[in-house]
>>> print(open('coords_32.txt').read())   # compact mmCIF, N, CA and C atoms
# COMPACT_ATOMS: atom_id res chain seq x y z
N MET A 1 88.69 77.24 92.89
CA MET A 1 88.76 78.64 93.28
C MET A 1 90.20 79.12 93.16
N THR A 2 90.39 80.28 92.55
CA THR A 2 91.71 80.87 92.39
C THR A 2 91.98 81.84 93.53
N PHE A 3 93.15 81.72 94.12
CA PHE A 3 93.56 82.64 95.18
C PHE A 3 94.66 83.54 94.67
N GLY A 4 94.69 84.75 95.19
CA GLY A 4 95.80 85.65 94.93
C GLY A 4 96.90 85.38 95.94
N PRO A 5 97.99 86.12 95.85
CA PRO A 5 99.06 85.96 96.84
C PRO A 5 98.50 86.20 98.25
N ILE A 6 98.98 85.42 99.20
CA ILE A 6 98.50 85.52 100.57
C ILE A 6 99.67 85.93 101.46
N ASP A 7 99.43 86.92 102.31
CA ASP A 7 100.44 87.44 103.21
C ASP A 7 100.01 87.22 104.66
N LEU A 8 100.98 86.98 105.50
CA LEU A 8 100.78 86.90 106.94
C LEU A 8 101.47 88.11 107.54
N ILE A 9 100.71 88.93 108.27
CA ILE A 9 101.30 90.09 108.94
C ILE A 9 100.87 90.10 110.40
N ALA A 10 101.68 90.73 111.23
CA ALA A 10 101.33 90.95 112.62
C ALA A 10 101.58 92.42 112.92
N LEU A 11 100.57 93.10 113.42
CA LEU A 11 100.66 94.51 113.74
C LEU A 11 100.62 94.67 115.25
N GLU A 12 101.64 95.28 115.82
CA GLU A 12 101.75 95.44 117.27
C GLU A 12 101.39 96.86 117.68
N PHE A 13 100.60 96.97 118.76
CA PHE A 13 100.20 98.27 119.29
C PHE A 13 100.46 98.28 120.79
N ASP A 14 100.84 99.45 121.30
CA ASP A 14 101.06 99.59 122.74
C ASP A 14 99.76 99.39 123.50
N GLY A 15 99.88 98.81 124.67
CA GLY A 15 98.71 98.60 125.52
C GLY A 15 97.75 97.61 124.90
N ASN A 16 96.50 97.80 125.17
CA ASN A 16 95.47 96.92 124.63
C ASN A 16 94.60 97.63 123.61
N ASN A 17 95.16 98.64 122.98
CA ASN A 17 94.37 99.46 122.07
C ASN A 17 94.87 99.33 120.65
N PHE A 18 93.92 99.19 119.73
CA PHE A 18 94.26 99.19 118.31
C PHE A 18 94.17 100.62 117.80
N ASN A 19 95.08 100.97 116.94
CA ASN A 19 95.07 102.29 116.34
C ASN A 19 93.93 102.35 115.34
N ARG A 20 92.96 103.21 115.61
CA ARG A 20 91.76 103.27 114.76
C ARG A 20 92.08 103.73 113.34
N GLU A 21 93.13 104.54 113.16
CA GLU A 21 93.51 104.97 111.81
C GLU A 21 94.01 103.80 110.98
N VAL A 22 94.80 102.93 111.60
CA VAL A 22 95.31 101.76 110.89
C VAL A 22 94.15 100.83 110.55
N ILE A 23 93.25 100.62 111.49
CA ILE A 23 92.09 99.77 111.22
C ILE A 23 91.24 100.39 110.11
N ALA A 24 91.10 101.71 110.10
CA ALA A 24 90.36 102.38 109.03
C ALA A 24 91.04 102.17 107.67
N ASP A 25 92.37 102.24 107.64
CA ASP A 25 93.10 102.00 106.39
C ASP A 25 92.88 100.57 105.90
N LEU A 26 92.95 99.61 106.82
CA LEU A 26 92.71 98.22 106.45
C LEU A 26 91.27 98.02 105.99
N THR A 27 90.33 98.66 106.67
CA THR A 27 88.92 98.57 106.29
C THR A 27 88.71 99.10 104.87
N GLU A 28 89.39 100.18 104.54
CA GLU A 28 89.29 100.73 103.18
C GLU A 28 89.80 99.73 102.14
N LEU A 29 90.91 99.05 102.46
CA LEU A 29 91.43 98.04 101.54
C LEU A 29 90.46 96.88 101.37
N VAL A 30 89.80 96.49 102.45
CA VAL A 30 88.80 95.42 102.40
C VAL A 30 87.58 95.89 101.60
N SER A 31 87.08 97.08 101.90
CA SER A 31 85.88 97.61 101.24
C SER A 31 86.08 97.78 99.74
N SER A 32 87.28 98.18 99.35
CA SER A 32 87.57 98.37 97.93
C SER A 32 87.97 97.06 97.24
N GLU A 33 87.90 95.97 97.99
CA GLU A 33 88.20 94.63 97.50
C GLU A 33 89.62 94.49 96.96
N ASN A 34 90.55 95.21 97.59
CA ASN A 34 91.96 95.03 97.28
C ASN A 34 92.55 93.88 98.08
N ILE A 35 92.03 93.67 99.29
CA ILE A 35 92.45 92.53 100.11
C ILE A 35 91.23 91.87 100.72
N ARG A 36 91.41 90.62 101.14
CA ARG A 36 90.39 89.89 101.88
C ARG A 36 91.10 89.24 103.06
N ILE A 37 90.62 89.49 104.26
CA ILE A 37 91.26 88.94 105.45
C ILE A 37 90.73 87.54 105.67
N LEU A 38 91.63 86.57 105.57
CA LEU A 38 91.26 85.16 105.66
C LEU A 38 91.28 84.63 107.08
N ASP A 39 92.03 85.28 107.95
CA ASP A 39 92.08 84.84 109.34
C ASP A 39 92.60 85.99 110.19
N LEU A 40 92.21 86.00 111.46
CA LEU A 40 92.59 87.06 112.39
C LEU A 40 92.67 86.48 113.79
N VAL A 41 93.80 86.70 114.44
CA VAL A 41 94.00 86.28 115.83
C VAL A 41 94.62 87.45 116.58
N ILE A 42 94.17 87.67 117.80
CA ILE A 42 94.70 88.74 118.65
C ILE A 42 95.59 88.11 119.71
N VAL A 43 96.78 88.69 119.89
CA VAL A 43 97.74 88.20 120.87
C VAL A 43 98.17 89.39 121.74
N GLN A 44 98.17 89.17 123.05
CA GLN A 44 98.61 90.21 123.99
C GLN A 44 99.78 89.67 124.81
N LYS A 45 100.71 90.57 125.13
CA LYS A 45 101.79 90.21 126.03
C LYS A 45 101.76 91.19 127.19
N HIS A 46 101.59 90.66 128.38
CA HIS A 46 101.49 91.49 129.58
C HIS A 46 102.88 91.75 130.15
N GLU A 47 102.94 92.61 131.16
CA GLU A 47 104.23 93.02 131.72
C GLU A 47 105.03 91.87 132.31
N HIS A 48 104.39 90.80 132.70
CA HIS A 48 105.10 89.65 133.26
C HIS A 48 105.39 88.60 132.19
N GLN A 49 105.37 89.01 130.93
CA GLN A 49 105.66 88.19 129.77
C GLN A 49 104.63 87.11 129.50
N GLU A 50 103.49 87.18 130.17
CA GLU A 50 102.41 86.24 129.90
C GLU A 50 101.78 86.58 128.55
N VAL A 51 101.65 85.58 127.70
CA VAL A 51 101.06 85.78 126.38
C VAL A 51 99.64 85.22 126.38
N LEU A 52 98.70 86.04 125.95
CA LEU A 52 97.29 85.66 125.90
C LEU A 52 96.84 85.69 124.45
N VAL A 53 96.29 84.57 123.98
CA VAL A 53 95.79 84.47 122.60
C VAL A 53 94.28 84.56 122.64
N GLN A 54 93.73 85.43 121.79
CA GLN A 54 92.28 85.61 121.75
C GLN A 54 91.78 85.43 120.32
N GLU A 55 90.85 84.53 120.18
CA GLU A 55 90.19 84.39 118.89
C GLU A 55 88.92 85.24 118.93
N TRP A 56 88.25 85.32 117.81
CA TRP A 56 87.10 86.23 117.66
C TRP A 56 86.10 86.11 118.80
N GLY A 57 85.72 84.91 119.16
CA GLY A 57 84.71 84.70 120.19
C GLY A 57 85.16 85.09 121.59
N ASP A 58 86.48 85.24 121.78
CA ASP A 58 87.03 85.61 123.09
C ASP A 58 87.17 87.11 123.28
N LEU A 59 86.98 87.89 122.23
CA LEU A 59 87.25 89.32 122.29
C LEU A 59 86.16 90.09 123.02
N ALA A 60 86.57 91.18 123.64
CA ALA A 60 85.63 92.08 124.30
C ALA A 60 84.75 92.75 123.24
N PRO A 61 83.50 93.07 123.58
CA PRO A 61 82.58 93.69 122.61
C PRO A 61 83.16 94.96 121.96
N GLU A 62 83.87 95.79 122.73
CA GLU A 62 84.43 97.02 122.14
C GLU A 62 85.53 96.71 121.13
N THR A 63 86.29 95.63 121.33
CA THR A 63 87.31 95.23 120.36
C THR A 63 86.65 94.68 119.10
N ILE A 64 85.60 93.89 119.27
CA ILE A 64 84.87 93.37 118.12
C ILE A 64 84.30 94.52 117.30
N GLU A 65 83.80 95.54 117.96
CA GLU A 65 83.25 96.71 117.26
C GLU A 65 84.32 97.39 116.40
N ILE A 66 85.53 97.48 116.92
CA ILE A 66 86.63 98.10 116.17
C ILE A 66 87.02 97.24 114.97
N LEU A 67 87.08 95.93 115.17
CA LEU A 67 87.59 95.02 114.14
C LEU A 67 86.55 94.52 113.16
N GLU A 68 85.27 94.62 113.50
CA GLU A 68 84.20 94.08 112.66
C GLU A 68 84.21 94.60 111.22
N PRO A 69 84.49 95.88 110.98
CA PRO A 69 84.51 96.36 109.59
C PRO A 69 85.54 95.67 108.70
N LEU A 70 86.50 94.96 109.31
CA LEU A 70 87.49 94.25 108.50
C LEU A 70 86.92 93.01 107.82
N ARG A 71 85.72 92.60 108.25
CA ARG A 71 85.04 91.43 107.68
C ARG A 71 85.96 90.21 107.62
N ALA A 72 86.74 90.03 108.67
CA ALA A 72 87.70 88.92 108.71
C ALA A 72 86.98 87.58 108.72
N GLU A 73 87.43 86.70 107.87
CA GLU A 73 86.96 85.33 107.90
C GLU A 73 87.82 84.62 108.94
N ILE A 74 87.25 83.79 109.74
CA ILE A 74 88.01 83.06 110.74
C ILE A 74 88.17 81.63 110.21
N SER A 75 89.29 81.41 109.52
CA SER A 75 89.50 80.15 108.81
C SER A 75 90.32 79.14 109.60
N GLY A 76 91.05 79.60 110.58
CA GLY A 76 91.94 78.71 111.31
C GLY A 76 93.25 78.44 110.58
N LEU A 77 93.55 79.24 109.56
CA LEU A 77 94.78 79.04 108.79
C LEU A 77 96.03 79.58 109.49
N ILE A 78 95.87 80.50 110.41
CA ILE A 78 97.02 80.97 111.19
C ILE A 78 97.39 79.84 112.14
N THR A 79 98.63 79.42 112.07
CA THR A 79 99.05 78.23 112.82
C THR A 79 99.50 78.58 114.24
N VAL A 80 99.56 77.56 115.07
CA VAL A 80 100.08 77.71 116.43
C VAL A 80 101.52 78.22 116.37
N GLU A 81 102.30 77.74 115.41
CA GLU A 81 103.68 78.19 115.25
C GLU A 81 103.74 79.68 114.93
N ASP A 82 102.82 80.15 114.06
CA ASP A 82 102.75 81.59 113.75
C ASP A 82 102.48 82.39 115.01
N ILE A 83 101.52 81.92 115.80
CA ILE A 83 101.13 82.61 117.03
C ILE A 83 102.28 82.64 118.03
N LYS A 84 102.97 81.52 118.18
CA LYS A 84 104.12 81.47 119.11
C LYS A 84 105.22 82.42 118.67
N LEU A 85 105.50 82.46 117.38
CA LEU A 85 106.53 83.36 116.85
C LEU A 85 106.19 84.81 117.15
N VAL A 86 104.95 85.19 116.91
CA VAL A 86 104.52 86.56 117.20
C VAL A 86 104.58 86.83 118.69
N GLY A 87 104.09 85.90 119.50
CA GLY A 87 104.11 86.06 120.95
C GLY A 87 105.51 86.32 121.49
N LYS A 88 106.50 85.61 120.96
CA LYS A 88 107.90 85.81 121.38
C LYS A 88 108.42 87.18 120.96
N SER A 89 107.94 87.69 119.85
CA SER A 89 108.43 88.96 119.31
C SER A 89 107.81 90.19 119.95
N LEU A 90 106.67 90.03 120.62
CA LEU A 90 105.97 91.18 121.20
C LEU A 90 106.75 91.80 122.35
N LYS A 91 106.63 93.12 122.44
CA LYS A 91 107.15 93.84 123.60
C LYS A 91 106.15 93.67 124.75
N HIS A 92 106.58 93.97 125.96
CA HIS A 92 105.68 93.91 127.11
C HIS A 92 104.57 94.95 126.97
N ASN A 93 103.39 94.61 127.46
CA ASN A 93 102.22 95.50 127.45
C ASN A 93 101.83 95.94 126.04
N THR A 94 101.79 94.98 125.14
CA THR A 94 101.37 95.27 123.77
C THR A 94 100.31 94.27 123.33
N THR A 95 99.62 94.64 122.26
CA THR A 95 98.61 93.78 121.64
C THR A 95 98.93 93.72 120.16
N ALA A 96 98.79 92.53 119.59
CA ALA A 96 99.05 92.37 118.15
C ALA A 96 97.83 91.74 117.48
N ALA A 97 97.61 92.16 116.26
CA ALA A 97 96.63 91.53 115.39
C ALA A 97 97.42 90.75 114.36
N ILE A 98 97.25 89.43 114.36
CA ILE A 98 97.88 88.60 113.34
C ILE A 98 96.83 88.38 112.27
N MET A 99 97.19 88.71 111.03
CA MET A 99 96.23 88.59 109.94
C MET A 99 96.83 87.85 108.77
N LEU A 100 96.03 87.02 108.18
CA LEU A 100 96.36 86.35 106.94
C LEU A 100 95.44 86.98 105.91
N PHE A 101 96.03 87.63 104.91
CA PHE A 101 95.15 88.26 103.93
C PHE A 101 95.55 87.94 102.50
N GLU A 102 94.52 87.88 101.67
CA GLU A 102 94.69 87.60 100.25
C GLU A 102 94.70 88.91 99.48
N ASN A 103 95.62 89.02 98.55
CA ASN A 103 95.73 90.21 97.71
C ASN A 103 94.80 90.04 96.49
N LEU A 104 93.57 90.52 96.64
CA LEU A 104 92.57 90.35 95.58
C LEU A 104 92.93 91.13 94.32
N TRP A 105 93.61 92.24 94.48
CA TRP A 105 94.02 93.02 93.31
C TRP A 105 94.86 92.16 92.36
N ALA A 106 95.66 91.26 92.91
CA ALA A 106 96.52 90.41 92.10
C ALA A 106 95.71 89.39 91.31
N VAL A 107 94.60 88.92 91.88
CA VAL A 107 93.72 87.99 91.16
C VAL A 107 93.16 88.68 89.93
N ARG A 108 92.66 89.89 90.11
CA ARG A 108 92.09 90.65 88.98
C ARG A 108 93.15 90.90 87.91
N LEU A 109 94.37 91.28 88.34
CA LEU A 109 95.44 91.54 87.39
C LEU A 109 95.80 90.26 86.63
N LYS A 110 95.90 89.15 87.33
CA LYS A 110 96.23 87.88 86.69
C LYS A 110 95.15 87.51 85.66
N GLN A 111 93.88 87.71 86.01
CA GLN A 111 92.79 87.42 85.08
C GLN A 111 92.89 88.30 83.84
N ASP A 112 93.16 89.60 84.04
CA ASP A 112 93.29 90.52 82.91
C ASP A 112 94.46 90.13 82.00
N ILE A 113 95.56 89.73 82.62
CA ILE A 113 96.73 89.30 81.83
C ILE A 113 96.38 88.06 81.03
N SER A 114 95.69 87.11 81.67
CA SER A 114 95.30 85.87 80.99
C SER A 114 94.35 86.15 79.83
N PHE A 115 93.35 87.02 80.05
CA PHE A 115 92.39 87.36 78.99
C PHE A 115 93.09 88.05 77.82
N ALA A 116 94.21 88.74 78.10
CA ALA A 116 94.95 89.42 77.05
C ALA A 116 95.94 88.49 76.36
N GLY A 117 95.94 87.22 76.75
CA GLY A 117 96.83 86.25 76.12
C GLY A 117 98.21 86.18 76.76
N GLY A 118 98.38 86.84 77.87
CA GLY A 118 99.67 86.81 78.56
C GLY A 118 99.66 85.82 79.70
N ARG A 119 100.78 85.72 80.39
CA ARG A 119 100.86 84.86 81.56
C ARG A 119 101.85 85.45 82.55
N LEU A 120 101.60 85.21 83.78
CA LEU A 120 102.50 85.62 84.84
C LEU A 120 103.60 84.57 84.94
N ILE A 121 104.86 84.99 84.80
CA ILE A 121 105.93 84.01 84.83
C ILE A 121 106.77 84.07 86.11
N ILE A 122 106.64 85.14 86.87
CA ILE A 122 107.33 85.20 88.16
C ILE A 122 106.59 86.17 89.07
N HIS A 123 106.51 85.83 90.31
CA HIS A 123 105.96 86.72 91.34
C HIS A 123 106.72 86.42 92.61
N GLU A 124 107.43 87.41 93.11
CA GLU A 124 108.23 87.22 94.32
C GLU A 124 108.02 88.42 95.23
N HIS A 125 107.81 88.14 96.49
CA HIS A 125 107.65 89.20 97.49
C HIS A 125 109.03 89.60 98.00
N ILE A 126 109.33 90.88 97.92
CA ILE A 126 110.62 91.39 98.40
C ILE A 126 110.32 92.30 99.59
N PRO A 127 110.79 91.94 100.78
CA PRO A 127 110.53 92.77 101.96
C PRO A 127 111.09 94.18 101.80
N SER A 128 110.36 95.16 102.34
CA SER A 128 110.76 96.57 102.19
C SER A 128 112.14 96.83 102.77
N GLU A 129 112.53 96.09 103.80
CA GLU A 129 113.86 96.30 104.40
C GLU A 129 114.97 96.00 103.40
N ILE A 130 114.76 94.98 102.57
CA ILE A 130 115.76 94.62 101.55
C ILE A 130 115.84 95.70 100.49
N VAL A 131 114.68 96.24 100.07
CA VAL A 131 114.66 97.31 99.07
C VAL A 131 115.36 98.56 99.63
N THR A 132 115.05 98.91 100.86
CA THR A 132 115.67 100.08 101.49
C THR A 132 117.18 99.92 101.56
N GLU A 133 117.65 98.75 101.95
CA GLU A 133 119.09 98.49 102.04
C GLU A 133 119.74 98.55 100.66
N ALA A 134 119.07 98.01 99.64
CA ALA A 134 119.61 98.04 98.29
C ALA A 134 119.73 99.48 97.78
N ILE A 135 118.73 100.30 98.04
CA ILE A 135 118.77 101.71 97.62
C ILE A 135 119.90 102.43 98.35
N LYS A 136 120.05 102.15 99.63
CA LYS A 136 121.14 102.75 100.41
C LYS A 136 122.49 102.34 99.84
N ASP A 137 122.65 101.08 99.50
CA ASP A 137 123.91 100.59 98.92
C ASP A 137 124.20 101.25 97.58
N LEU A 138 123.14 101.41 96.76
CA LEU A 138 123.33 102.07 95.45
C LEU A 138 123.74 103.52 95.62
N ALA A 139 123.15 104.20 96.60
CA ALA A 139 123.47 105.61 96.83
C ALA A 139 124.93 105.79 97.24
N GLU A 140 125.50 104.81 97.90
CA GLU A 140 126.90 104.90 98.31
C GLU A 140 127.86 104.84 97.12
N TYR A 141 127.40 104.26 95.99
CA TYR A 141 128.24 104.13 94.80
C TYR A 141 128.11 105.30 93.85
N ASP A 142 127.16 106.19 94.10
CA ASP A 142 126.98 107.35 93.22
C ASP A 142 127.96 108.44 93.52
>>> encode(input="coords_32.txt", output="C-alpha cells")
Amino acid sequence: MTFGPIDLIALEFDGNNFNREVIADLTELVSSENIRILDLVIVQKHEHQEVLVQEWGDLAPETIEILEPLRAEISGLITVEDIKLVGKSLKHNTTAAIMLFENLWAVRLKQDISFAGGRLIIHEHIPSEIVTEAIKDLAEYD
C-alpha cells in the first residue's frame, strides 16, 4: 500500500468546545478525499493544569456527533510522546484534537507523475512560519 505524506497536527480550542466551522472544513477535506485522518486523540487541560486524554470510546456522545463526519480511523499511531508534548503546550481550560492525517492528494499527484514517466525527486514540508519570516526578510531588502 502506498501512503502519501503524513502530518501530525494539534488544534486547540478554548473550553471544551470544538469550532464547528473548523470541523466542517476538515470534513470537506475528508469528503473530497484530499486527506484521510489516520488517528485522532482528544486532550483537555483544566484550570489546575490537569491533563485528560480521551480516545474515541471515552468521548461524550455530543463530541462524537461533532467529530464523526471526519471518519477518523483510530490506528494508535499517535504516540504517548506526541500526547505529552501537546498536553504541555495547551493553555488552561482548553481542548485539543490531535490528528494524524494522510495527504491523499499527493498520492494521486505522485501516481499521475509516474504514469507520465516522471518521478518525484524531493518533497519537503516547510512550516508557514518559516515562509512568513523569509518573505518578511526579503521585503526588508527591497
>>> atom_distance(input="coords_32.txt", atom1="atom C of A:Pro5", atom2="atom C of A:Asn103")
5.6 Å
>>> closest_residue(input="coords_32.txt", among="A:Met99, A:Leu109, A:Val30, A:Val51", to="A:Ser75", atoms="only C-alpha atoms")
A:Met99
>>> residues_near_point(input="coords_32.txt", point="(107.8, 101.0, 123.4)", cutoff="8 Å", atoms="all atoms listed in the file", output="list in words")
Asp14, Lys91 and His92 of chain A
>>> select_by_dssp(input="coords_32.txt", residues="chain A", states="helix (DSSP H, G or I)", output="PyMOL selection string")
chain A and resi 20-31+56-58+61-70+80-89+104-115+128-141
>>> closest_residue(input="coords_32.txt", among="A:Glu73, A:Asn34, A:Ile66, A:Leu52", to="A:Arg20", atoms="only N, CA and C atoms")
A:Ile66
>>> closest_residue(input="coords_32.txt", among="A:Glu140, A:Asp39, A:Glu12, A:Glu28", to="A:Leu77", atoms="only N, CA and C atoms")
A:Asp39
>>> atom_distance(input="coords_32.txt", atom1="atom N of A:Val43", atom2="atom CA of A:Ile23")
14.8 Å
>>> atom_distance(input="coords_32.txt", atom1="atom CA of A:Ile37", atom2="atom CA of A:Phe101")
4.2 Å
>>> residues_near_point(input="coords_32.txt", point="(102.9, 91.1, 114.3)", cutoff="8 Å", atoms="all atoms listed in the file", output="ChimeraX atom specification")
/A:8-13,85-87,89-90,95-99
>>> closest_residue(input="coords_32.txt", among="A:Leu70, A:Phe3, A:Asn93, A:Leu59", to="A:His46", atoms="only C-alpha atoms")
A:Asn93
>>> select_by_dssp(input="coords_32.txt", residues="stretch 99-135 of chain A", states="strand (DSSP E or B)", output="PyMOL selection string")
chain A and resi 99-103
